[in-house]
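Structure record follows, encoded as structure tokens.
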Amino acid sequence: MSLFESYLFDDETPNLARLINSVNAGIWEFDVNTNKVKWSVSLFTILGYQPGEIECSYSNFIDNLIYYQDKASFLATINNRTAQSSEIAYIRLLTKNGYEWFQSTVKRQGNAKIAGTLININQFKFSELQLTTNNTFVAETNKLLKVGAWEIDVTLNKLFLTNEALDIFELHRQPATIDELIGCFEPEHRQLLTAAIEDCIRIGRPYDLDLRLKTGKGRIIWTKIKAVAKIDNYGKCLLIKGVIQDINVTKHSENKLKSTLNLISHKNERLQNFAYIASHNLRSYAGNLQLMLNLHEESKTQTEQQEILSHVRSISNSLNATIEHLNEIVKIDLVANQEKILIEFDLLFKNILNALQSNIHSANAIVKYDFSKCPNIYYLPAYLESIFHNMLTNALKYRSPDRQAIITCKSHIENEHVYLIFEDNGMGIDMKKNGDKIFGMYQTFHNNLDSQGIGLYITRNQIEALGGTITVESNLNIGTKFIIKLL
Amino acid sequence: MDHTTQIAWIIDDDEVYRFGFRKYVEVKELCANVVDFSNGRDAINFLGDAVNAANLPDIIFLDIDMPVMNGWEFMVAFEQIRTRISKKITIFLVTSCISYEDILHAQNHPDITDYIIKPINSQQFNLAFTGEFRKKIA
């Protein structure tokens, strides 16, 4: 005796059937042998119809009501003869308002009958869909931004990282302790992070740090760590909520930008310096030339004119030399882009010594060298030659008349940079007076006739064009030490 | 022709300029006695030596950029020995370098009368030698 057959359209239904018909779930029964179907009143209602408004049949349900894509999964629950418990499927049915989501539960009643319930879950399904979409959206956004979240439960001293955060650390499991997490960071940054976390717990101070960490795969990356404290009503920190972002790419381009900026401002400085020198030097020649021409006009005797002309000639010669010098300086930057080759300091230095042999001999100077700490370098041979040559001639030129000149040249490596040290016991320079001018053009500090004030200027430009530096330490009458960072 | 200026000094490391200066003064008959120094040190030694008291200059044309002792260093040394010098000496700073800092420094320096930019500016020179500048200052 079926529950529905007799009571389906009957007002006199017993309480149980009335109850069944009033719940927000449709109930049906299917006779396998006769293919006969019975629906509860509520099944019509949840589909939006009056009882009897649509045909209550197996074929109507399968052919018209159920969404074609969900047919297979629904039929599977019906045809599963081995199932002991209720079979559940999520299907779309055509209601009066269009397709809506239902939860279908199917239960075999012996061999002949199958019964089932249908519950409208449209609202729920949509919320779920929305949530999934939102979650996916958040996850995708986080992935794009390379952001992960983490929190520290201060009272329980427990740590939790989201999957995105674990991805950044390239870890497969949660770090067990806060110390383990801090241990992922580079040694020089650990103290910083520890202090920041402690401060956050103690006084609720938020933090924002750029730190380097070593990932589970051993990559070293830059990350940004930000956190705020969640405090209770008494101001005690309960929770630290934070985010971690992989900023490796940004940081690297930032650093690259910084070094490029550095290079450009350096270049700009040299350019400005060059423009100043060019204008200053050319100006004095132009002035002298004008002066001589005026005098020439006013001169009365031939001897006078000839004397003036000889000066014009000397101006012309100096002007030529200056333009040569300026040319040489312009060339430095052009040559700087040429290919560098591996140079043995030892061999090159000996070559220069040979070339300067007569100068060294006539100065009665002793030249010592030691390149054992750094025997070679990838550099422009022409520059290194010029640097050696200029430093040596400089030391010879400004040797002290009171003692035998001793010149030493050594190389070494410090912080991955190659250094050349030139030291002499010569006249020295008054650093207080001339320290800032020593590498300037046409700056001479001694009364030597062969001082041109060009050698150190060119040396400095050559070194700087390849990204190095040159500095000097000197004491008057004791000696001078040039410290050259080549690369 | 004004004969206020008996002795003029030119302190400059540029040999050509020294020659031109001397020649110019000669041609223009601005001053009969021109003495030149190639750096500040030689000039200050001369000034400080009591033996030379009779040969002190009325006017000094002082270059800024020089080896050994430059123009500004000369001025510092000059201040130290000034009390020992009986003569009133007018000092002009002469340079080819147009540096704003140097101009300001010269303008504010009590012992420097004016600043002359190379090459020789005949009007400025005539004024310098005839003492017009000094009158202006006084």
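Ordered as shown in the structure tokens, chains take letters A, B, and onward, while each chain numbers its residues from 1 and ligands are numbered from 1 in the order shown.
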| said: Counting only C-alpha atoms, a student should be able to say which residues of chain A come within 9 Å of chain B; what is the right answer, written as an MDAnalysis selection string? | reply: chainID A and resid 279:281 283:284 286:292 294:295 298:299 308 311:312 314:315 443:447
| field | All strand (DSSP E) residues (DSSP, backbone) inside chain B, as a PyMOL selection string | value | chain B and resi 7-11+33-37+59-63+90-95+112-117
| task | For A:Asn97, list every protein, DNA or RNA residue within 12 Å, evaluated using only C-alpha atoms, and leave out those in the same chain fewer than 3 positions away; present the list as JSON, numbers by chain. | result | {"A": [46, 47, 48, 49, 93, 94, 100, 101, 122]}
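Candidate residues A:Gln130, A:Ser474, A:Ile121, A:Ile329 were compared for distance to A:Gly435, and the nearest is A:Ser474, using only C-alpha atoms.
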| request: Determine, counting only C-alpha atoms, which protein, DNA and RNA residues have an atom within 7 Å of an atom of B:Thr90; residues of the same chain fewer than 6 positions away are not included. Present the result as a count of residues only. | output: 4
| note | If you count only C-alpha atoms, the residue of B:Asp49, B:Glu26, B:Asp114, B:Glu79 closest to B:Ile91 turns out to be B:Asp114
| Hey, which of B:Glu29, B:Asp63, B:Gly48, B:Ile103 ends up closest to B:Asp13? Count only C-alpha atoms. | B:Asp63
| query | Residues at most 10 Å from B:Asp102, counting only C-alpha atoms, excluding those fewer than 6 positions away in the same chain, as a list in words? | reply | Ile64, Trp72, Leu93, Thr95, Asn108 and Tyr115 of chain B
Once you have the residues from the selection above, write them out as a compact mmCIF listing (two decimals), in the first residue's frame, restricted to N, CA, C and O atoms.
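Result file is again.txt:
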# COMPACT_ATOMS: atom_id res chain seq x y z
N ILE B 64 94.44 83.12 -9.46
CA ILE B 64 93.93 82.20 -8.44
C ILE B 64 94.59 80.82 -8.57
O ILE B 64 95.19 80.31 -7.64
N TRP B 72 94.35 82.25 -3.28
CA TRP B 72 93.68 82.33 -1.97
C TRP B 72 94.65 82.07 -0.84
O TRP B 72 94.59 82.71 0.21
N LEU B 93 92.26 90.49 -8.11
CA LEU B 93 92.28 89.08 -8.42
C LEU B 93 92.06 88.93 -9.93
O LEU B 93 91.13 89.51 -10.48
N THR B 95 91.74 86.12 -13.06
CA THR B 95 91.69 84.71 -13.42
C THR B 95 90.84 84.49 -14.67
O THR B 95 89.99 85.31 -15.01
N ASN B 108 83.78 89.82 -1.02
CA ASN B 108 83.67 89.93 0.44
C ASN B 108 85.02 90.04 1.15
O ASN B 108 85.07 90.17 2.35
N TYR B 115 87.79 92.14 -8.91
CA TYR B 115 87.97 90.86 -9.55
C TYR B 115 88.03 91.12 -11.05
O TYR B 115 87.11 91.71 -11.61
| request: Using atom CA of B:Glu101 and atom CA of A:Ala275 as the two end points, give the distance in Å to one decimal. | output: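 Answer for the atom CA of B:Glu101 to atom CA of A:Ala275 separation: 17.8 Å.
Near A:Asp333, within a cut-off of 9 Å and counting only C-alpha atoms, sit the residues Ile329, Val330, Lys331, Val335, Ala336, Asn337, Asn461, Gln462, Ala465 and Leu466 of chain A, with same-chain residues fewer than 2 positions away left out.
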Taking N, CA, C and O atoms for each residue, export the selection above as a tab-separated table (two decimals), in the first residue's frame.
chain	number	residue	atom	x	y	z
A	329	ILE	N	90.80	62.00	-23.23
A	329	ILE	CA	89.79	61.76	-22.18
A	329	ILE	C	88.47	61.31	-22.80
A	329	ILE	O	87.80	60.43	-22.29
A	330	VAL	N	88.12	61.93	-23.92
A	330	VAL	CA	86.88	61.52	-24.59
A	330	VAL	C	86.99	60.06	-25.04
A	330	VAL	O	86.05	59.28	-24.92
A	331	LYS	N	88.20	59.70	-25.49
A	331	LYS	CA	88.40	58.34	-25.99
A	331	LYS	C	88.26	57.30	-24.88
A	331	LYS	O	87.88	56.17	-25.14
A	335	VAL	N	86.67	53.63	-25.46
A	335	VAL	CA	87.46	52.41	-25.36
A	335	VAL	C	86.94	51.50	-24.26
A	335	VAL	O	87.05	50.28	-24.33
A	336	ALA	N	86.30	52.12	-23.24
A	336	ALA	CA	85.85	51.36	-22.06
A	336	ALA	C	84.93	50.21	-22.42
A	336	ALA	O	84.79	49.26	-21.67
A	337	ASN	N	84.28	50.27	-23.58
A	337	ASN	CA	83.34	49.22	-23.96
A	337	ASN	C	84.02	48.07	-24.70
A	337	ASN	O	83.37	47.10	-25.05
A	461	ASN	N	90.18	58.76	-14.76
A	461	ASN	CA	89.10	58.58	-15.74
A	461	ASN	C	89.08	57.16	-16.29
A	461	ASN	O	88.02	56.58	-16.49
A	462	GLN	N	90.28	56.60	-16.52
A	462	GLN	CA	90.34	55.23	-17.03
A	462	GLN	C	89.79	54.25	-16.01
A	462	GLN	O	89.02	53.35	-16.33
A	465	ALA	N	86.00	54.76	-15.63
A	465	ALA	CA	85.23	54.34	-16.80
A	465	ALA	C	84.93	52.85	-16.75
A	465	ALA	O	83.94	52.38	-17.30
A	466	LEU	N	85.78	52.09	-16.04
A	466	LEU	CA	85.54	50.65	-15.92
A	466	LEU	C	84.91	50.31	-14.58
A	466	LEU	O	84.86	49.15	-14.18
| request: May I have the residues within 8 Å of stretch 247-260 of chain A as a ChimeraX atom specification, using only C-alpha atoms and disregarding those fewer than 4 positions away in the same chain? | output: /A:146,221-224,264
| Where does DSSP see alpha helix (DSSP H) in chain B, if you list the residues as JSON, numbers by chain? | {"B": [15, 16, 17, 18, 19, 20, 21, 22, 23, 24, 25, 26, 27, 28, 40, 41, 42, 43, 44, 45, 46, 47, 48, 71, 72, 73, 74, 75, 76, 77, 78, 79, 80, 81, 100, 101, 102, 103, 104, 105, 106, 107, 108, 122, 123, 124, 125, 126, 127, 128, 129, 130, 132, 133, 134, 135, 136, 137]}
| request: Give me, please, the distance in Å between atom CA of A:Leu144 and atom CA of A:Leu261, quoted to one decimal. | output: 28.9 Å
